[in-house]
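Raw input_32.txt, compact mmCIF, C-alpha atoms:
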```txt
# COMPACT_ATOMS: atom_id res chain seq x y z
CA MET K 1 -25.13 37.29 -32.33
CA SER K 2 -25.51 38.63 -35.81
CA ILE K 3 -28.58 37.64 -37.80
CA ILE K 4 -26.38 36.40 -40.65
CA LEU K 5 -24.71 33.91 -38.32
CA SER K 6 -28.12 32.78 -37.09
CA ILE K 7 -29.18 32.13 -40.67
CA ILE K 8 -25.94 30.22 -41.32
CA TYR K 9 -26.65 28.07 -38.27
CA LEU K 10 -30.21 27.51 -39.47
CA ILE K 11 -28.96 26.29 -42.86
CA ALA K 12 -26.37 24.06 -41.17
CA THR K 13 -29.04 22.57 -38.89
CA VAL K 14 -31.23 21.72 -41.89
CA THR K 15 -28.28 20.07 -43.67
CA PHE K 16 -27.73 17.92 -40.57
CA ILE K 17 -31.31 16.69 -40.64
CA VAL K 18 -31.35 16.12 -44.42
CA GLY K 19 -27.90 14.50 -44.31
CA LEU K 20 -28.83 12.11 -41.51
CA LYS K 21 -32.07 11.22 -43.29
CA LYS K 22 -30.22 10.49 -46.55
CA LEU K 23 -27.59 8.44 -44.71
CA GLY K 24 -30.35 5.97 -43.87
CA HIS K 25 -30.95 4.91 -47.48
CA PRO K 26 -28.36 2.98 -49.53
CA ASP K 27 -28.75 5.07 -52.70
CA THR K 28 -28.51 8.47 -51.06
CA ALA K 29 -26.13 7.69 -48.19
CA LYS K 30 -23.06 9.17 -49.83
CA SER K 31 -24.70 12.46 -50.79
CA GLY K 32 -26.18 12.62 -47.27
CA ASN K 33 -22.72 12.45 -45.75
CA LEU K 34 -21.45 15.19 -48.08
CA ILE K 35 -24.42 17.44 -47.38
CA ALA K 36 -23.93 17.15 -43.61
CA ALA K 37 -20.19 17.73 -44.01
CA GLY K 38 -20.89 20.84 -46.08
CA GLY K 39 -23.25 22.15 -43.41
CA MET K 40 -20.64 21.51 -40.73
CA GLY K 41 -18.03 23.41 -42.76
CA LEU K 42 -20.45 26.29 -43.16
CA ALA K 43 -21.14 26.39 -39.41
CA ILE K 44 -17.41 26.36 -38.60
CA VAL K 45 -16.48 29.10 -41.10
CA GLY K 46 -19.47 31.18 -39.98
CA THR K 47 -18.53 30.86 -36.31
CA ILE K 48 -14.99 32.06 -36.99
CA PHE K 49 -15.70 35.00 -39.29
CA VAL K 50 -19.28 36.19 -38.76
CA HIS K 51 -19.51 37.89 -35.36
CA ASP K 52 -19.26 41.32 -33.81
CA LEU K 53 -16.48 40.49 -31.35
CA GLU K 54 -13.16 42.32 -31.32
CA VAL K 55 -10.74 39.44 -31.70
CA PRO K 56 -6.95 39.90 -31.82
CA THR K 57 -5.16 38.46 -34.85
CA LEU K 58 -3.24 36.05 -32.61
CA ILE K 59 -6.47 34.24 -31.74
CA TYR K 60 -7.43 33.88 -35.40
CA VAL K 61 -3.97 32.49 -36.14
CA LEU K 62 -4.28 29.99 -33.28
CA ILE K 63 -7.74 28.87 -34.45
CA GLY K 64 -6.41 28.53 -38.00
CA VAL K 65 -3.42 26.47 -36.86
CA ALA K 66 -5.64 24.26 -34.67
CA ILE K 67 -8.03 23.58 -37.54
CA LEU K 68 -5.18 22.90 -39.96
CA VAL K 69 -3.44 20.50 -37.57
CA GLY K 70 -6.70 18.67 -36.73
CA SER K 71 -7.75 18.43 -40.40
CA ILE K 72 -4.40 17.06 -41.57
CA ILE K 73 -4.12 14.48 -38.79
CA GLY K 74 -7.81 13.49 -38.98
CA GLY K 75 -7.78 13.30 -42.78
CA LEU K 76 -4.57 11.28 -42.91
CA ILE K 77 -5.72 8.78 -40.28
CA ALA K 78 -9.10 8.38 -41.98
CA VAL K 79 -7.57 7.75 -45.42
CA LYS K 80 -4.63 5.58 -44.37
CA VAL K 81 -6.25 3.20 -41.92
CA GLU K 82 -7.27 -0.27 -43.13
CA MET K 83 -10.95 -0.90 -43.79
CA THR K 84 -11.18 -3.51 -41.03
CA LYS K 85 -10.14 -0.93 -38.45
CA MET K 86 -12.94 1.52 -39.25
CA PRO K 87 -15.16 0.85 -36.19
CA GLU K 88 -12.34 1.43 -33.73
CA LEU K 89 -11.46 4.62 -35.57
CA VAL K 90 -15.02 5.87 -35.17
CA SER K 91 -14.66 5.20 -31.46
CA LEU K 92 -11.38 7.11 -31.28
CA PHE K 93 -12.81 10.14 -33.09
CA ASN K 94 -15.89 10.01 -30.89
CA GLY K 95 -13.65 10.11 -27.83
CA PHE K 96 -11.98 13.25 -29.17
CA GLY K 97 -15.37 14.93 -29.50
CA GLY K 98 -16.15 14.08 -25.88
CA ALA K 99 -12.79 15.41 -24.73
CA SER K 100 -13.45 18.63 -26.61
CA ALA K 101 -16.76 19.09 -24.76
CA ALA K 102 -15.07 18.42 -21.40
CA LEU K 103 -12.33 20.99 -22.12
CA ILE K 104 -14.92 23.61 -23.06
CA GLY K 105 -16.65 22.94 -19.75
CA ILE K 106 -13.40 23.36 -17.82
CA VAL K 107 -12.63 26.69 -19.48
CA GLU K 108 -16.16 27.95 -18.88
CA PHE K 109 -16.02 26.90 -15.22
CA GLY K 110 -12.97 29.15 -14.93
CA ASN K 111 -14.65 32.01 -16.82
CA ALA K 112 -18.01 31.91 -15.08
CA ASP K 113 -18.56 33.61 -11.76
CA ILE K 114 -19.58 30.35 -10.13
CA LYS K 115 -20.46 31.93 -6.77
CA ALA K 116 -23.08 34.14 -8.43
CA ALA K 117 -24.08 31.90 -11.34
CA SER K 118 -27.54 30.36 -11.54
CA ALA K 119 -28.01 26.66 -10.85
CA SER K 120 -28.82 26.01 -14.50
CA ILE K 121 -25.53 27.49 -15.72
CA VAL K 122 -23.38 25.63 -13.19
CA SER K 123 -25.19 22.33 -13.81
CA THR K 124 -24.83 22.82 -17.57
CA ILE K 125 -21.07 23.35 -17.25
CA LEU K 126 -20.63 20.38 -14.93
CA SER K 127 -22.74 18.05 -17.11
CA ALA K 128 -20.63 18.96 -20.16
CA ILE K 129 -17.46 18.10 -18.22
CA ILE K 130 -18.75 14.84 -16.73
CA ILE K 131 -20.46 13.49 -19.88
CA GLY K 132 -17.53 14.59 -22.05
CA ALA K 133 -15.10 12.82 -19.72
CA ILE K 134 -17.19 9.62 -19.69
CA THR K 135 -17.36 9.47 -23.49
CA PHE K 136 -13.65 10.24 -23.81
CA SER K 137 -12.35 7.49 -21.53
CA GLY K 138 -15.12 5.06 -22.53
CA SER K 139 -14.37 5.52 -26.23
CA LEU K 140 -10.65 5.06 -25.65
CA ILE K 141 -11.31 1.76 -23.85
CA ALA K 142 -13.65 0.65 -26.67
CA TRP K 143 -10.95 1.61 -29.16
CA GLY K 144 -8.36 -0.34 -27.18
CA LYS K 145 -10.62 -3.38 -26.98
CA LEU K 146 -11.19 -3.41 -30.73
CA ASN K 147 -7.52 -3.05 -31.62
CA GLY K 148 -6.52 -5.60 -29.02
CA SER K 149 -4.50 -3.41 -26.69
CA VAL K 150 -7.09 -3.78 -23.92
CA LYS K 151 -7.29 -7.51 -23.52
CA SER K 152 -10.54 -9.46 -23.05
CA VAL K 153 -13.18 -8.83 -20.44
CA ILE K 154 -11.95 -7.53 -17.13
CA LYS K 155 -14.39 -8.40 -14.38
CA ILE K 156 -14.69 -6.52 -11.15
CA PRO K 157 -16.76 -8.37 -8.54
CA GLN K 158 -20.29 -6.95 -8.38
CA TYR K 159 -19.30 -4.35 -10.96
CA ASN K 160 -22.89 -3.30 -11.66
CA ILE K 161 -23.36 -2.22 -8.07
CA VAL K 162 -19.92 -0.59 -7.99
CA ASN K 163 -20.63 1.30 -11.22
CA ASN K 164 -24.04 2.49 -10.11
CA LEU K 165 -22.76 3.66 -6.74
CA PHE K 166 -19.93 5.41 -8.52
CA ILE K 167 -22.17 7.38 -10.89
CA ILE K 168 -24.51 8.25 -8.02
CA ALA K 169 -21.52 9.61 -6.10
CA ILE K 170 -20.48 11.74 -9.09
CA VAL K 171 -23.99 13.13 -9.53
CA ALA K 172 -24.26 13.83 -5.80
CA LEU K 173 -20.94 15.67 -5.77
CA GLY K 174 -22.03 17.64 -8.84
CA ALA K 175 -25.32 18.54 -7.18
CA TYR K 176 -23.40 19.67 -4.09
CA VAL K 177 -21.32 22.06 -6.21
CA VAL K 178 -24.42 23.36 -8.01
CA VAL K 179 -26.59 23.89 -4.94
CA GLY K 180 -23.80 25.40 -2.87
CA ASN K 181 -22.37 27.52 -5.72
CA ILE K 182 -18.96 26.22 -4.73
CA ASP K 183 -16.15 27.71 -6.78
CA SER K 184 -13.61 24.97 -6.16
CA GLN K 185 -11.00 23.85 -8.68
CA ILE K 186 -10.37 20.74 -6.59
CA LEU K 187 -13.99 19.59 -6.80
CA LEU K 188 -14.01 20.44 -10.52
CA TYR K 189 -11.06 18.16 -11.21
CA LEU K 190 -12.48 15.52 -8.88
CA LEU K 191 -15.63 15.49 -11.05
CA LEU K 192 -13.52 15.34 -14.21
CA VAL K 193 -11.50 12.39 -12.91
CA GLY K 194 -14.73 10.79 -11.67
CA GLY K 195 -16.19 10.99 -15.17
CA LEU K 196 -13.02 9.52 -16.68
CA VAL K 197 -12.99 6.63 -14.21
CA TYR K 198 -16.70 5.94 -14.75
CA GLY K 199 -16.18 5.76 -18.53
CA ILE K 200 -13.52 3.10 -17.97
CA LEU K 201 -15.65 1.18 -15.44
CA PHE K 202 -18.61 1.30 -17.82
CA VAL K 203 -16.89 -0.12 -20.91
CA LEU K 204 -14.30 -2.44 -19.35
CA PRO K 205 -16.65 -5.31 -18.40
CA ILE K 206 -18.39 -5.38 -21.81
CA GLY K 207 -17.19 -7.98 -24.31
CA GLY K 208 -15.38 -7.07 -27.53
CA ALA K 209 -18.16 -8.41 -29.78
CA ASP K 210 -20.58 -5.90 -28.27
CA MET K 211 -18.26 -2.94 -28.82
CA PRO K 212 -20.08 -1.52 -31.90
CA VAL K 213 -23.21 -1.16 -29.76
CA VAL K 214 -21.23 0.50 -26.98
CA ILE K 215 -19.57 2.87 -29.45
CA SER K 216 -22.98 3.83 -30.81
CA LEU K 217 -24.19 4.48 -27.26
CA LEU K 218 -21.12 6.58 -26.41
CA ASN K 219 -21.58 8.45 -29.68
CA SER K 220 -25.09 9.28 -28.63
CA LEU K 221 -23.69 10.58 -25.32
CA THR K 222 -21.21 12.81 -27.15
CA GLY K 223 -24.16 14.29 -29.01
CA ILE K 224 -25.81 15.06 -25.68
CA ALA K 225 -22.59 16.65 -24.42
CA ALA K 226 -22.48 18.82 -27.56
CA ALA K 227 -26.12 19.81 -27.02
CA ILE K 228 -25.42 20.77 -23.40
CA THR K 229 -22.54 22.98 -24.52
CA GLY K 230 -24.96 24.47 -27.03
CA VAL K 231 -27.29 25.45 -24.17
CA LEU K 232 -24.33 27.14 -22.48
CA TYR K 233 -23.73 29.40 -25.48
CA ASN K 234 -27.40 29.55 -26.49
CA ASN K 235 -26.16 28.15 -29.79
CA MET K 236 -28.88 26.51 -31.88
CA VAL K 237 -26.73 24.52 -34.30
CA MET K 238 -24.95 22.83 -31.39
CA LEU K 239 -28.20 22.27 -29.51
CA VAL K 240 -30.17 20.76 -32.39
CA GLY K 241 -27.18 18.93 -33.90
CA GLY K 242 -26.31 17.42 -30.54
CA ILE K 243 -29.85 16.36 -29.69
CA LEU K 244 -30.27 14.84 -33.16
CA VAL K 245 -27.17 12.72 -32.66
CA GLY K 246 -28.31 11.91 -29.14
CA SER K 247 -31.77 10.66 -30.07
CA ALA K 248 -30.84 9.12 -33.43
CA GLY K 249 -27.88 7.47 -31.71
CA ILE K 250 -30.08 5.82 -29.08
CA ILE K 251 -32.48 4.48 -31.73
CA LEU K 252 -29.53 3.27 -33.80
CA THR K 253 -28.05 1.58 -30.73
CA VAL K 254 -31.29 -0.29 -30.11
CA ALA K 255 -31.51 -1.24 -33.81
CA MET K 256 -27.95 -2.59 -33.71
CA CYS K 257 -28.83 -4.68 -30.65
CA LYS K 258 -31.88 -6.05 -32.43
CA ALA K 259 -29.77 -6.97 -35.47
CA MET K 260 -27.59 -9.02 -33.11
CA ASN K 261 -30.63 -10.52 -31.38
CA ARG K 262 -29.74 -8.86 -28.12
CA THR K 263 -31.33 -6.31 -25.89
CA LEU K 264 -29.52 -3.16 -24.85
CA ALA K 265 -29.77 -4.18 -21.21
CA SER K 266 -28.15 -7.53 -21.94
CA VAL K 267 -25.24 -5.78 -23.65
CA ILE K 268 -24.65 -3.36 -20.80
CA PHE K 269 -25.45 -5.68 -17.92
CA GLY K 270 -24.95 -8.94 -19.83
CA SER K 271 -21.78 -10.03 -18.14
CA PHE K 272 -23.43 -9.37 -14.80
CA THR K 273 -24.41 -13.01 -14.55
CA ALA K 274 -21.61 -15.56 -14.37
CA SER K 275 -20.01 -16.58 -17.65
CA GLY K 276 -22.06 -19.05 -19.64
CA SER K 277 -25.37 -17.97 -18.13
CA VAL K 278 -27.99 -16.69 -20.54
CA GLU K 279 -30.06 -14.96 -17.90
CA GLY K 280 -29.01 -11.55 -19.19
CA VAL K 281 -30.57 -12.18 -22.60
CA ASN K 282 -34.15 -10.93 -22.81
CA MET U 1 -40.36 23.81 -6.76
CA ASN U 2 -40.40 27.53 -7.50
CA GLU U 3 -36.94 27.21 -8.96
CA LEU U 4 -38.10 24.46 -11.28
CA ILE U 5 -40.99 26.57 -12.57
CA GLU U 6 -38.65 29.52 -13.00
CA PHE U 7 -36.20 27.31 -14.89
CA ILE U 8 -38.94 26.08 -17.23
CA SER U 9 -40.30 29.55 -17.90
CA ASN U 10 -36.81 30.91 -18.59
CA ASN U 11 -35.88 28.13 -20.96
CA LEU U 12 -39.20 27.35 -22.62
CA GLN U 13 -37.86 27.88 -26.13
CA ILE U 14 -34.92 25.54 -25.55
CA ILE U 15 -37.19 22.90 -24.03
CA TYR U 16 -39.43 23.03 -27.12
CA ILE U 17 -36.44 22.71 -29.45
CA VAL U 18 -35.00 19.79 -27.48
CA ILE U 19 -38.27 17.85 -27.46
CA LEU U 20 -38.98 18.45 -31.15
CA SER U 21 -35.38 17.55 -32.08
CA ILE U 22 -35.67 14.28 -30.18
CA PHE U 23 -38.70 13.35 -32.28
CA VAL U 24 -36.96 14.37 -35.51
CA GLY U 25 -33.91 12.28 -34.59
CA VAL U 26 -36.06 9.25 -33.79
CA GLU U 27 -38.14 9.58 -36.95
CA ILE U 28 -35.26 9.88 -39.40
CA ILE U 29 -33.49 6.82 -38.06
CA LYS U 30 -36.51 4.53 -38.12
CA SER U 31 -36.20 1.31 -40.16
CA ILE U 32 -32.60 1.54 -41.30
CA PRO U 33 -31.20 -1.50 -43.18
CA ALA U 34 -28.62 -3.32 -41.05
CA VAL U 35 -25.84 -2.80 -43.63
CA LEU U 36 -26.08 0.93 -43.05
CA HIS U 37 -25.77 0.73 -39.25
CA THR U 38 -22.02 1.29 -39.16
CA PRO U 39 -21.87 4.12 -41.73
CA LEU U 40 -24.79 5.81 -40.01
CA MET U 41 -23.08 5.52 -36.63
CA SER U 42 -19.97 6.99 -38.18
CA GLY U 43 -21.93 9.82 -39.80
CA ALA U 44 -23.69 10.62 -36.53
CA ASN U 45 -20.28 10.59 -34.84
CA ALA U 46 -19.02 13.20 -37.31
CA LEU U 47 -22.11 15.31 -36.55
CA SER U 48 -21.44 15.18 -32.81
CA GLY U 49 -18.23 16.99 -33.72
CA VAL U 50 -20.44 20.10 -33.88
CA VAL U 51 -18.96 20.67 -30.42
CA ILE U 52 -16.10 22.29 -32.40
CA VAL U 53 -18.34 25.37 -32.69
CA GLY U 54 -18.22 25.71 -28.91
CA ALA U 55 -14.46 25.21 -28.90
CA ILE U 56 -14.05 28.02 -31.44
CA LEU U 57 -16.33 30.24 -29.33
CA VAL U 58 -14.11 29.57 -26.30
CA MET U 59 -11.10 30.79 -28.26
CA LEU U 60 -12.88 33.83 -29.72
CA HIS U 61 -13.99 34.93 -26.26
CA SER U 62 -10.76 34.24 -24.44
CA ASN U 63 -8.37 36.93 -23.40
CA PRO U 64 -5.02 36.70 -25.27
CA THR U 65 -3.19 36.77 -21.92
CA ASP U 66 -5.26 33.96 -20.40
CA TYR U 67 -2.89 31.20 -21.40
CA VAL U 68 -4.77 28.41 -19.64
CA ALA U 69 -7.97 29.15 -21.55
CA LEU U 70 -6.05 29.58 -24.80
CA VAL U 71 -4.20 26.27 -24.47
CA LEU U 72 -7.33 24.34 -23.43
CA GLY U 73 -9.33 26.04 -26.19
CA PHE U 74 -6.65 25.23 -28.74
CA ILE U 75 -6.64 21.56 -27.77
CA ALA U 76 -10.46 21.52 -27.81
CA VAL U 77 -10.46 22.91 -31.37
CA VAL U 78 -7.88 20.36 -32.56
CA LEU U 79 -9.85 17.48 -30.99
CA GLY U 80 -13.14 18.80 -32.39
CA VAL U 81 -11.71 19.11 -35.91
CA LEU U 82 -10.30 15.58 -35.64
CA ASN U 83 -13.81 14.39 -34.80
CA VAL U 84 -15.41 16.29 -37.68
CA VAL U 85 -12.87 15.75 -40.50
CA GLY U 86 -11.96 12.21 -39.48
CA GLY U 87 -15.63 11.34 -38.95
CA PHE U 88 -16.88 12.51 -42.33
CA ALA U 89 -13.84 11.10 -44.17
CA VAL U 90 -14.23 7.68 -42.57
CA THR U 91 -17.96 7.64 -43.34
CA ASN U 92 -17.20 8.53 -46.94
CA ARG U 93 -14.73 5.66 -47.23
CA MET U 94 -17.18 3.19 -45.70
CA LEU U 95 -19.85 4.23 -48.19
CA ASP U 96 -17.39 3.90 -51.08
CA MET U 97 -16.77 0.31 -50.04
CA PHE U 98 -20.50 -0.22 -49.77
CA LYS U 99 -21.06 0.90 -53.35
CA LYS U 100 -18.38 -1.39 -54.77
CA LYS U 101 -19.96 -4.36 -53.04
CA LYS U 102 -23.29 -3.79 -54.76
```
Output the file's structure in the form of structure tokens.
Amino acid sequence: MSIILSIIYLIATVTFIVGLKKLGHPDTAKSGNLIAAGGMGLAIVGTIFVHDLEVPTLIYVLIGVAILVGSIIGGLIAVKVEMTKMPELVSLFNGFGGASAALIGIVEFGNADIKAASASIVSTILSAIIIGAITFSGSLIAWGKLNGSVKSVIKIPQYNIVNNLFIIAIVALGAYVVVGNIDSQILLYLLLVGGLVYGILFVLPIGGADMPVVISLLNSLTGIAAAITGVLYNNMVMLVGGILVGSAGIILTVAMCKAMNRTLASVIFGSFTASGSVEGVN
Amino acid sequence: MNELIEFISNNLQIIYIVILSIFVGVEIIKSIPAVLHTPLMSGANALSGVVIVGAILVMLHSNPTDYVALVLGFIAVVLGVLNVVGGFAVTNRMLDMFKKKK
């Protein structure tokens, strides 16, 4: 990686920290958002143009088209949507970020020589896929709950136990692939589907009023997925940016719970007890 | 056990960065007024779109004849840009509203 790109990433990382810090104060929030956005733009432009790879023009054109399409759609949605629908929009965009991380993982699983790859590389790829998939489907469900297309709370009997067993099964299957260096497309897609299903199982039982907290939590997870992908490419702006979102997101989630006089556990496991019971609180 | 020690010694720099970043993230979010919770969540969401950098790297490294990687990479870039542009734009709109209220 060229030193110029490294410096660009360094600047972008600093803008993320400064931007996030400024976003926390009413007077500076707007400039904070712009600073972080500027840093992100810098990182994107730098990634595309500052490198020593031989890249065919076709690829540049495809990247350009992809960015144009995404910017137009994203910009239009963000400007057109009513103010009251902002939280669900955040959830939708967050889901897209998770999906992006999962897709990167899938491509890299295909590129990597899994049979010879070290355990850390394989586990990094698989974590990106699983966490990305969870945030994608989870965010879509949260989005659906907020806009009313996913109706009310759907209760599965003993869902906490079901969910926990499910995630343990996913992790165990992932560990099996990592330890055995198993280059299997079938297991890869099984893990992907497992992540998607878990995201749905995780968000479905949580009530609509608690959705902002869940979105914040999923957002934090997307940050972690981004950071994991950063490890894969040894890319510092992704690593630090992702971890910042991950840790800040968790703290924000807890703060949001506190503002609602709830604990995080009661939000996630709250509907565990029968309806009307307050045992989950505190 | 040996593998764990090897892993730590190979990735020491990354482990340092991760731990320090966690503390930075926690410190800058401390004591945020409740009115800013949603804009901050939205801003952090836009930042998690940094995954777009990875999506672009996938495309830059992919072989022009590897259509699967190209298509997946293309979709990943579109989704990543949606996250970034939509995220920052929505945050900006929220903060506009916030200012008018004051």
Quick one: residues within 12 Å of Val53 (chain U), only C-alpha atoms, excluding same-chain residues fewer than 3 positions away - as an mmCIF file with C-alpha atoms, in the frame of the given file?
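Output (selection18.cif):
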```cif
data_model
loop_
_atom_site.group_PDB
_atom_site.id
_atom_site.type_symbol
_atom_site.label_atom_id
_atom_site.label_comp_id
_atom_site.auth_asym_id
_atom_site.auth_seq_id
_atom_site.Cartn_x
_atom_site.Cartn_y
_atom_site.Cartn_z
ATOM 1 C CA TYR K 9 -26.650 28.070 -38.270
ATOM 2 C CA ALA K 12 -26.370 24.060 -41.170
ATOM 3 C CA MET K 40 -20.640 21.510 -40.730
ATOM 4 C CA GLY K 41 -18.030 23.410 -42.760
ATOM 5 C CA LEU K 42 -20.450 26.290 -43.160
ATOM 6 C CA ALA K 43 -21.140 26.390 -39.410
ATOM 7 C CA ILE K 44 -17.410 26.360 -38.600
ATOM 8 C CA VAL K 45 -16.480 29.100 -41.100
ATOM 9 C CA GLY K 46 -19.470 31.180 -39.980
ATOM 10 C CA THR K 47 -18.530 30.860 -36.310
ATOM 11 C CA ILE K 48 -14.990 32.060 -36.990
ATOM 12 C CA PHE K 49 -15.700 35.000 -39.290
ATOM 13 C CA ILE K 63 -7.740 28.870 -34.450
ATOM 14 C CA ILE K 67 -8.030 23.580 -37.540
ATOM 15 C CA GLY K 97 -15.370 14.930 -29.500
ATOM 16 C CA SER K 100 -13.450 18.630 -26.610
ATOM 17 C CA ALA K 101 -16.760 19.090 -24.760
ATOM 18 C CA ILE K 104 -14.920 23.610 -23.060
ATOM 19 C CA ALA K 226 -22.480 18.820 -27.560
ATOM 20 C CA ALA K 227 -26.120 19.810 -27.020
ATOM 21 C CA THR K 229 -22.540 22.980 -24.520
ATOM 22 C CA GLY K 230 -24.960 24.470 -27.030
ATOM 23 C CA LEU K 232 -24.330 27.140 -22.480
ATOM 24 C CA TYR K 233 -23.730 29.400 -25.480
ATOM 25 C CA ASN K 234 -27.400 29.550 -26.490
ATOM 26 C CA ASN K 235 -26.160 28.150 -29.790
ATOM 27 C CA MET K 236 -28.880 26.510 -31.880
ATOM 28 C CA VAL K 237 -26.730 24.520 -34.300
ATOM 29 C CA MET K 238 -24.950 22.830 -31.390
ATOM 30 C CA LEU K 239 -28.200 22.270 -29.510
ATOM 31 C CA GLY K 241 -27.180 18.930 -33.900
ATOM 32 C CA GLY K 242 -26.310 17.420 -30.540
ATOM 33 C CA LEU U 47 -22.110 15.310 -36.550
ATOM 34 C CA SER U 48 -21.440 15.180 -32.810
ATOM 35 C CA GLY U 49 -18.230 16.990 -33.720
ATOM 36 C CA VAL U 50 -20.440 20.100 -33.880
ATOM 37 C CA ILE U 56 -14.050 28.020 -31.440
ATOM 38 C CA LEU U 57 -16.330 30.240 -29.330
ATOM 39 C CA VAL U 58 -14.110 29.570 -26.300
ATOM 40 C CA MET U 59 -11.100 30.790 -28.260
ATOM 41 C CA LEU U 60 -12.880 33.830 -29.720
ATOM 42 C CA GLY U 73 -9.330 26.040 -26.190
ATOM 43 C CA ALA U 76 -10.460 21.520 -27.810
ATOM 44 C CA VAL U 77 -10.460 22.910 -31.370
ATOM 45 C CA VAL U 78 -7.880 20.360 -32.560
ATOM 46 C CA LEU U 79 -9.850 17.480 -30.990
ATOM 47 C CA GLY U 80 -13.140 18.800 -32.390
ATOM 48 C CA VAL U 81 -11.710 19.110 -35.910
ATOM 49 C CA VAL U 84 -15.410 16.290 -37.680
#
```
Could you make a table, as a Markdown table, of the residues of region 58-132 of chain K that have an atom within 10 Å of an atom of region 23-45 of chain U, each with its nearest atom pair and distance in Å to one decimal, counting all atoms listed in the file, in chain and number order?
```
| residue | atom | partner | partner_atom | distance |
| --- | --- | --- | --- | --- |
| K:Met86 | CA | U:Ser42 | CA | 9.0 |
| K:Pro87 | CA | U:Thr38 | CA | 7.5 |
| K:Leu89 | CA | U:Ser42 | CA | 9.2 |
| K:Val90 | CA | U:Ser42 | CA | 5.9 |
| K:Ser91 | CA | U:Asn45 | CA | 8.5 |
| K:Phe93 | CA | U:Asn45 | CA | 7.7 |
| K:Asn94 | CA | U:Asn45 | CA | 5.9 |
| K:Gly95 | CA | U:Asn45 | CA | 9.7 |
| K:Gly97 | CA | U:Asn45 | CA | 8.5 |
```
Open item on the list: Nearest residue to chain U out of K:Leu188, K:Ile8, K:Ile3, K:Leu20, using all atoms listed in the file?
Closed with: K:Leu20
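As for CA of Leu146 (chain K) and CA of Met211 (chain K), they are spaced 7.3 Å apart.
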- [ ] Within 12 Å of (-14.8, 17.0, -7.0) (coordinates as in the file), grab all the protein and nucleic acid residues, counting all atoms listed in the file, and write them out as a list of chain:residue names.
- [x]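 Looking at atoms near the point gives K:Leu126, K:Ile129, K:Ile130, K:Ala169, K:Ile170, K:Val171, K:Ala172, K:Leu173, K:Gly174, K:Ala175, K:Tyr176, K:Val177, K:Val178, K:Ile182, K:Asp183, K:Ser184, K:Gln185, K:Ile186, K:Leu187, K:Leu188, K:Tyr189, K:Leu190, K:Leu191, K:Leu192, K:Val193, K:Gly194, K:Gly195.
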TODO: Quick one: pull the distance between CA of Asn10 (chain U) and CA of Glu54 (chain K), Å, one decimal.
DONE: 29.2 Å
Open item on the list: Which residue is closest to chain U? Choose from K:Ile168, K:Met83, K:Ile4, K:Leu204 and count all atoms listed in the file.
Closed with: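 Of K:Ile168, K:Met83, K:Ile4, K:Leu204, the one nearest chain U, counting all atoms listed in the file, is K:Met83.
Closest approach to chain K from the set U:Asn2, U:Gln13, U:Leu82, U:Val68 is made by U:Leu82, with distances taken over only C-alpha atoms.
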List as a CSV table (one decimal) with C-alpha atoms, in the frame of the given file the protein and nucleic acid residues near Gly86 (chain U), meaning an atom at most 7 Å away when only C-alpha atoms are counted, but skip any in the same chain fewer than 5 places from it.
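As a result, selection-v3.csv now contains:
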```csv
chain,number,residue,atom,x,y,z
K,74,GLY,CA,-7.8,13.5,-39.0
K,75,GLY,CA,-7.8,13.3,-42.8
K,78,ALA,CA,-9.1,8.4,-42.0
K,93,PHE,CA,-12.8,10.1,-33.1
```
TODO: Could you please give me, as a list in words, the residues of protein, DNA or RNA lying at most 10 Å from (-25.0, -9.7, -34.7) in the coordinate frame of the file, considering only C-alpha atoms?
DONE: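 Output: Ala209, Asp210, Pro212, Met256, Cys257, Lys258, Ala259, Met260, Asn261 and Arg262 of chain K; Ala34 of chain U.
Picture a line from CA of Gly87 (chain U) to CA of Val65 (chain K); it runs 19.6 Å.
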Open item on the list: Residues near Glu3 (chain U), anyone? I mean within 10 Å using all atoms listed in the file, not counting same-chain ones fewer than 5 positions away, as a list in words.
Closed with: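 Using all atoms listed in the file, the neighbours found are Ala119 and Ser120 of chain K; Ile8 and Ser9 of chain U.
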